[in-house]
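Pasting model_4.cif here (mmCIF, C-alpha atoms):
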```
data_start
loop_
_atom_site.label_atom_id
_atom_site.label_comp_id
_atom_site.auth_asym_id
_atom_site.auth_seq_id
_atom_site.Cartn_x
_atom_site.Cartn_y
_atom_site.Cartn_z
CA MET D 1 0.00 0.00 0.00
CA PRO D 2 1.50 3.38 -0.95
CA SER D 3 2.28 5.91 1.74
CA HIS D 4 0.11 9.02 1.88
CA THR D 5 2.73 11.21 3.49
CA LEU D 6 5.07 13.73 1.95
CA PRO D 7 8.58 12.18 1.94
CA ALA D 8 11.24 13.92 4.01
CA SER D 9 13.26 14.62 0.86
CA ARG D 10 10.42 16.84 -0.42
CA ARG D 11 9.99 18.86 2.81
CA MET D 12 11.82 21.91 4.10
CA ARG D 13 12.33 21.74 7.84
CA ARG D 14 15.31 23.85 8.87
CA ARG D 15 15.16 27.56 9.57
CA SER D 16 18.13 28.11 7.26
CA GLU D 17 16.24 26.52 4.35
CA PHE D 18 13.23 28.77 4.89
CA GLN D 19 15.46 31.83 5.33
CA ARG D 20 17.26 31.13 2.04
CA VAL D 21 13.93 31.03 0.18
CA PHE D 22 12.65 34.21 1.88
CA ASP D 23 15.91 36.06 1.12
CA ALA D 24 16.53 34.90 -2.46
CA GLY D 25 13.03 33.97 -3.61
CA ARG D 26 10.21 35.68 -5.43
CA ARG D 27 6.70 36.18 -4.04
CA VAL D 28 3.35 35.56 -5.66
CA HIS D 29 0.32 36.85 -3.75
CA GLY D 30 -3.14 35.39 -4.05
CA ARG D 31 -6.41 35.86 -2.25
CA HIS D 32 -6.00 32.83 0.02
CA LEU D 33 -2.25 32.26 0.11
CA THR D 34 1.17 33.64 -0.70
CA VAL D 35 3.85 31.52 -2.36
CA VAL D 36 7.56 32.30 -2.07
CA TYR D 37 9.74 30.31 -4.46
CA ALA D 38 13.42 29.94 -5.26
CA PRO D 39 15.49 27.41 -7.22
CA ALA D 40 16.20 24.31 -5.15
CA PRO D 41 19.77 23.20 -4.53
CA GLY D 42 18.82 19.55 -5.19
CA VAL D 43 16.96 17.77 -7.96
CA GLU D 44 13.50 17.67 -6.33
CA SER D 45 11.01 20.39 -5.54
CA ARG D 46 10.50 20.87 -1.79
CA LEU D 47 7.67 22.40 0.22
CA GLY D 48 7.54 24.39 3.43
CA VAL D 49 4.35 25.75 5.02
CA VAL D 50 4.22 28.73 7.39
CA ALA D 51 0.83 29.06 9.09
CA SER D 52 0.52 31.92 11.57
CA ARG D 53 -2.13 32.35 14.23
CA LYS D 54 -3.98 34.77 11.94
CA ILE D 55 -5.53 31.66 10.39
CA GLY D 56 -7.07 30.55 13.67
CA GLY D 57 -6.45 28.00 16.35
CA ALA D 58 -4.24 24.95 16.13
CA VAL D 59 -6.95 22.87 14.45
CA ALA D 60 -7.42 25.41 11.64
CA ARG D 61 -3.66 25.87 11.14
CA ASN D 62 -2.99 22.13 11.02
CA ARG D 63 -5.88 21.57 8.59
CA ALA D 64 -4.55 24.28 6.27
CA LYS D 65 -1.06 22.71 6.39
CA ARG D 66 -2.45 19.22 5.71
CA LEU D 67 -4.45 20.44 2.71
CA ILE D 68 -1.48 22.30 1.22
CA ARG D 69 0.83 19.29 1.68
CA GLU D 70 -1.75 17.00 0.04
CA VAL D 71 -2.06 19.25 -3.01
CA PHE D 72 1.74 19.38 -3.33
CA ARG D 73 2.07 15.61 -2.88
CA THR D 74 -0.55 14.70 -5.49
CA SER D 75 0.34 17.35 -8.06
CA PRO D 76 2.56 16.53 -11.03
CA VAL D 77 6.27 17.13 -10.54
CA VAL D 78 7.44 20.63 -11.45
CA VAL D 79 10.19 20.33 -14.08
CA PRO D 80 12.66 22.82 -12.56
CA ALA D 81 13.43 21.93 -8.96
CA MET D 82 11.96 24.69 -6.79
CA ASP D 83 11.78 25.32 -3.08
CA LEU D 84 8.28 26.58 -2.26
CA VAL D 85 7.14 28.24 0.95
CA VAL D 86 3.36 28.56 1.15
CA ILE D 87 1.79 31.04 3.57
CA PRO D 88 -1.99 30.55 3.94
CA LYS D 89 -4.04 33.64 4.83
#
```

Entire entry expressed as structure tokens:
Amino acid sequence: MPSHTLPASRRMRRRSEFQRVFDAGRRVHGRHLTVVYAPAPGVESRLGVVASRKIGGAVARNRAKRLIREVFRTSPVVVPAMDLVVIPK
């Protein structure tokens, strides 16, 4: 049975990884989320999610993060390897 989790190789977890994307990346603003992207140092696209308390309580923040990770996991692979930081509003 296939795993329904996002593999560790496709996640950003360290502060330095997030900081590199925020410093060197470009921003795209939407109504419900902001995406910051930068070229990835590896061969795979990676995802990081930053959900502040503006979204709501812990349940709402965790649901938003789960939904974003699921979309990233099930979407087709982006050809250029990108590091993406998604900020839900």

For stretch 26-33 of chain D, please output as a PyMOL selection string all residues within 7 Å (counting all atoms listed in the file; exclusion window: fewer than 5 positions along the same chain). chain D and resi 38+86-89

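Between atom CA of D:Ser9 and atom CA of D:Ser45 lies a distance of 8.9 Å.
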
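Counting from atom CA of D:Arg13, the distance to atom CA of D:Leu84 is 11.9 Å.
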
Near-D:Leu47 list (6 Å; only C-alpha atoms; drop same-chain fewer than 4 positions) as a ChimeraX atom specification: /D:11-12,84-85

Surrounding residues of D:Pro7 excluding itself and chain neighbours under 4 positions, 10 Å, all atoms listed in the file, as a PyMOL selection string: chain D and resi 3+11+46+73

So for stretch 39-42 of chain D, what box centre and size do we get, axis-aligned, 5 Å extra on each of the six sides, every listed atom, Å to one decimal, as AutoDock Vina command-line options?
```
--center_x 17.6 --center_y 23.5 --center_z -5.9 --size_x 14.3 --size_y 17.9 --size_z 12.7
```

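One distance worth recording is that between atom CA of D:Ala40 and atom CA of D:Leu6, which is 16.9 Å.
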
Check the smallest atom-to-atom distance from each of D:Lys54, D:Glu44, D:Pro80, D:Val49 to D:Arg66 using all atoms listed in the file, then report the winner. D:Val49

Identify, on the basis of only C-alpha atoms, every residue whose closest approach to D:Ala24 does not exceed 9 Å; exclude the query and any residue fewer than 4 positions from it along the same chain; express the result as a JSON list (two decimals) with C-alpha atoms, in the frame of the given file.
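Writing done, so here's around-v7.json:
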```
[["chain", "number", "residue", "atom", "x", "y", "z"],
["D", 19, "GLN", "CA", 15.46, 31.83, 5.33],
["D", 20, "ARG", "CA", 17.26, 31.13, 2.04],
["D", 37, "TYR", "CA", 9.74, 30.31, -4.46],
["D", 38, "ALA", "CA", 13.42, 29.94, -5.26],
["D", 39, "PRO", "CA", 15.49, 27.41, -7.22]]
```

Around the point (-0.4, 12.1, -1.3), in the coordinates given by the file, pick out the residues reaching within 12 Å, counting only C-alpha atoms, and return them as a PyMOL selection string. chain D and resi 2-7+10+66-76

Output: stretch 18-30 of chain D of the preceding structure, restricted to all heavy atoms, written as an mmCIF file, in the first residue's frame.
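Saved the output as selection.cif:
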```cif
data_model
loop_
_atom_site.group_PDB
_atom_site.id
_atom_site.type_symbol
_atom_site.label_atom_id
_atom_site.label_comp_id
_atom_site.auth_asym_id
_atom_site.auth_seq_id
_atom_site.Cartn_x
_atom_site.Cartn_y
_atom_site.Cartn_z
ATOM 1 N N PHE D 18 14.298 27.787 5.055
ATOM 2 C CA PHE D 18 13.232 28.774 4.894
ATOM 3 C C PHE D 18 13.828 30.165 4.662
ATOM 4 O O PHE D 18 13.368 30.908 3.803
ATOM 5 C CB PHE D 18 12.325 28.797 6.130
ATOM 6 C CG PHE D 18 11.332 27.675 6.182
ATOM 7 C CD1 PHE D 18 11.655 26.471 6.764
ATOM 8 C CD2 PHE D 18 10.065 27.831 5.650
ATOM 9 C CE1 PHE D 18 10.747 25.440 6.822
ATOM 10 C CE2 PHE D 18 9.132 26.806 5.695
ATOM 11 C CZ PHE D 18 9.478 25.604 6.291
ATOM 12 N N GLN D 19 14.846 30.501 5.429
ATOM 13 C CA GLN D 19 15.460 31.827 5.330
ATOM 14 C C GLN D 19 16.067 32.046 3.947
ATOM 15 O O GLN D 19 15.965 33.130 3.381
ATOM 16 C CB GLN D 19 16.522 32.008 6.417
ATOM 17 C CG GLN D 19 16.899 33.441 6.646
ATOM 18 C CD GLN D 19 15.720 34.261 7.121
ATOM 19 O OE1 GLN D 19 15.003 33.886 8.038
ATOM 20 N NE2 GLN D 19 15.480 35.391 6.484
ATOM 21 N N ARG D 20 16.688 31.018 3.378
ATOM 22 C CA ARG D 20 17.264 31.130 2.045
ATOM 23 C C ARG D 20 16.184 31.439 1.007
ATOM 24 O O ARG D 20 16.358 32.290 0.143
ATOM 25 C CB ARG D 20 17.977 29.832 1.659
ATOM 26 C CG ARG D 20 18.710 29.919 0.329
ATOM 27 C CD ARG D 20 19.251 28.577 -0.122
ATOM 28 N NE ARG D 20 18.211 27.606 -0.386
ATOM 29 C CZ ARG D 20 17.470 27.591 -1.513
ATOM 30 N NH1 ARG D 20 17.660 28.478 -2.440
ATOM 31 N NH2 ARG D 20 16.545 26.676 -1.674
ATOM 32 N N VAL D 21 15.022 30.781 1.129
ATOM 33 C CA VAL D 21 13.926 31.026 0.184
ATOM 34 C C VAL D 21 13.368 32.430 0.380
ATOM 35 O O VAL D 21 13.108 33.150 -0.591
ATOM 36 C CB VAL D 21 12.821 29.958 0.333
ATOM 37 C CG1 VAL D 21 11.623 30.291 -0.552
ATOM 38 C CG2 VAL D 21 13.367 28.591 -0.011
ATOM 39 N N PHE D 22 13.182 32.859 1.633
ATOM 40 C CA PHE D 22 12.654 34.208 1.884
ATOM 41 C C PHE D 22 13.615 35.281 1.387
ATOM 42 O O PHE D 22 13.187 36.307 0.869
ATOM 43 C CB PHE D 22 12.372 34.412 3.374
ATOM 44 C CG PHE D 22 11.087 33.777 3.836
ATOM 45 C CD1 PHE D 22 11.088 32.850 4.852
ATOM 46 C CD2 PHE D 22 9.873 34.106 3.253
ATOM 47 C CE1 PHE D 22 9.923 32.252 5.282
ATOM 48 C CE2 PHE D 22 8.698 33.522 3.674
ATOM 49 C CZ PHE D 22 8.711 32.589 4.689
ATOM 50 N N ASP D 23 14.920 35.056 1.532
ATOM 51 C CA ASP D 23 15.905 36.057 1.115
ATOM 52 C C ASP D 23 16.098 36.101 -0.399
ATOM 53 O O ASP D 23 16.200 37.174 -0.983
ATOM 54 C CB ASP D 23 17.250 35.791 1.789
ATOM 55 C CG ASP D 23 17.216 36.047 3.287
ATOM 56 O OD1 ASP D 23 16.290 36.752 3.744
ATOM 57 O OD2 ASP D 23 18.108 35.532 3.986
ATOM 58 N N ALA D 24 16.183 34.947 -1.041
ATOM 59 C CA ALA D 24 16.527 34.895 -2.460
ATOM 60 C C ALA D 24 15.333 34.650 -3.375
ATOM 61 O O ALA D 24 15.474 34.700 -4.587
ATOM 62 C CB ALA D 24 17.571 33.799 -2.693
ATOM 63 N N GLY D 25 14.167 34.372 -2.790
ATOM 64 C CA GLY D 25 13.027 33.968 -3.605
ATOM 65 C C GLY D 25 12.156 35.116 -4.088
ATOM 66 O O GLY D 25 12.373 36.278 -3.758
ATOM 67 N N ARG D 26 11.202 34.739 -4.907
ATOM 68 C CA ARG D 26 10.206 35.677 -5.425
ATOM 69 C C ARG D 26 8.866 35.338 -4.812
ATOM 70 O O ARG D 26 8.604 34.185 -4.487
ATOM 71 C CB ARG D 26 10.148 35.569 -6.934
ATOM 72 C CG ARG D 26 11.463 35.963 -7.590
ATOM 73 C CD ARG D 26 11.331 35.965 -9.075
ATOM 74 N NE ARG D 26 10.181 36.770 -9.460
ATOM 75 C CZ ARG D 26 10.206 37.764 -10.328
ATOM 76 N NH1 ARG D 26 11.334 38.064 -10.915
ATOM 77 N NH2 ARG D 26 9.124 38.436 -10.631
ATOM 78 N N ARG D 27 8.013 36.362 -4.674
ATOM 79 C CA ARG D 27 6.698 36.181 -4.044
ATOM 80 C C ARG D 27 5.582 36.316 -5.063
ATOM 81 O O ARG D 27 5.642 37.169 -5.943
ATOM 82 C CB ARG D 27 6.472 37.220 -2.952
ATOM 83 C CG ARG D 27 7.317 37.006 -1.744
ATOM 84 C CD ARG D 27 7.054 38.067 -0.693
ATOM 85 N NE ARG D 27 7.925 37.849 0.431
ATOM 86 C CZ ARG D 27 7.517 37.347 1.589
ATOM 87 N NH1 ARG D 27 6.260 37.069 1.771
ATOM 88 N NH2 ARG D 27 8.378 37.157 2.569
ATOM 89 N N VAL D 28 4.576 35.469 -4.880
ATOM 90 C CA VAL D 28 3.349 35.558 -5.661
ATOM 91 C C VAL D 28 2.213 35.591 -4.655
ATOM 92 O O VAL D 28 2.068 34.685 -3.835
ATOM 93 C CB VAL D 28 3.186 34.340 -6.607
ATOM 94 C CG1 VAL D 28 1.864 34.427 -7.351
ATOM 95 C CG2 VAL D 28 4.345 34.257 -7.569
ATOM 96 N N HIS D 29 1.415 36.667 -4.702
ATOM 97 C CA HIS D 29 0.323 36.851 -3.753
ATOM 98 C C HIS D 29 -0.994 36.450 -4.390
ATOM 99 O O HIS D 29 -1.263 36.777 -5.546
ATOM 100 C CB HIS D 29 0.234 38.314 -3.308
ATOM 101 C CG HIS D 29 1.481 38.811 -2.654
ATOM 102 N ND1 HIS D 29 1.785 38.546 -1.342
ATOM 103 C CD2 HIS D 29 2.518 39.523 -3.137
ATOM 104 C CE1 HIS D 29 2.949 39.096 -1.046
ATOM 105 N NE2 HIS D 29 3.417 39.689 -2.123
ATOM 106 N N GLY D 30 -1.799 35.751 -3.635
ATOM 107 C CA GLY D 30 -3.139 35.386 -4.052
ATOM 108 C C GLY D 30 -4.123 35.766 -2.967
ATOM 109 O O GLY D 30 -3.743 36.297 -1.915
#
```
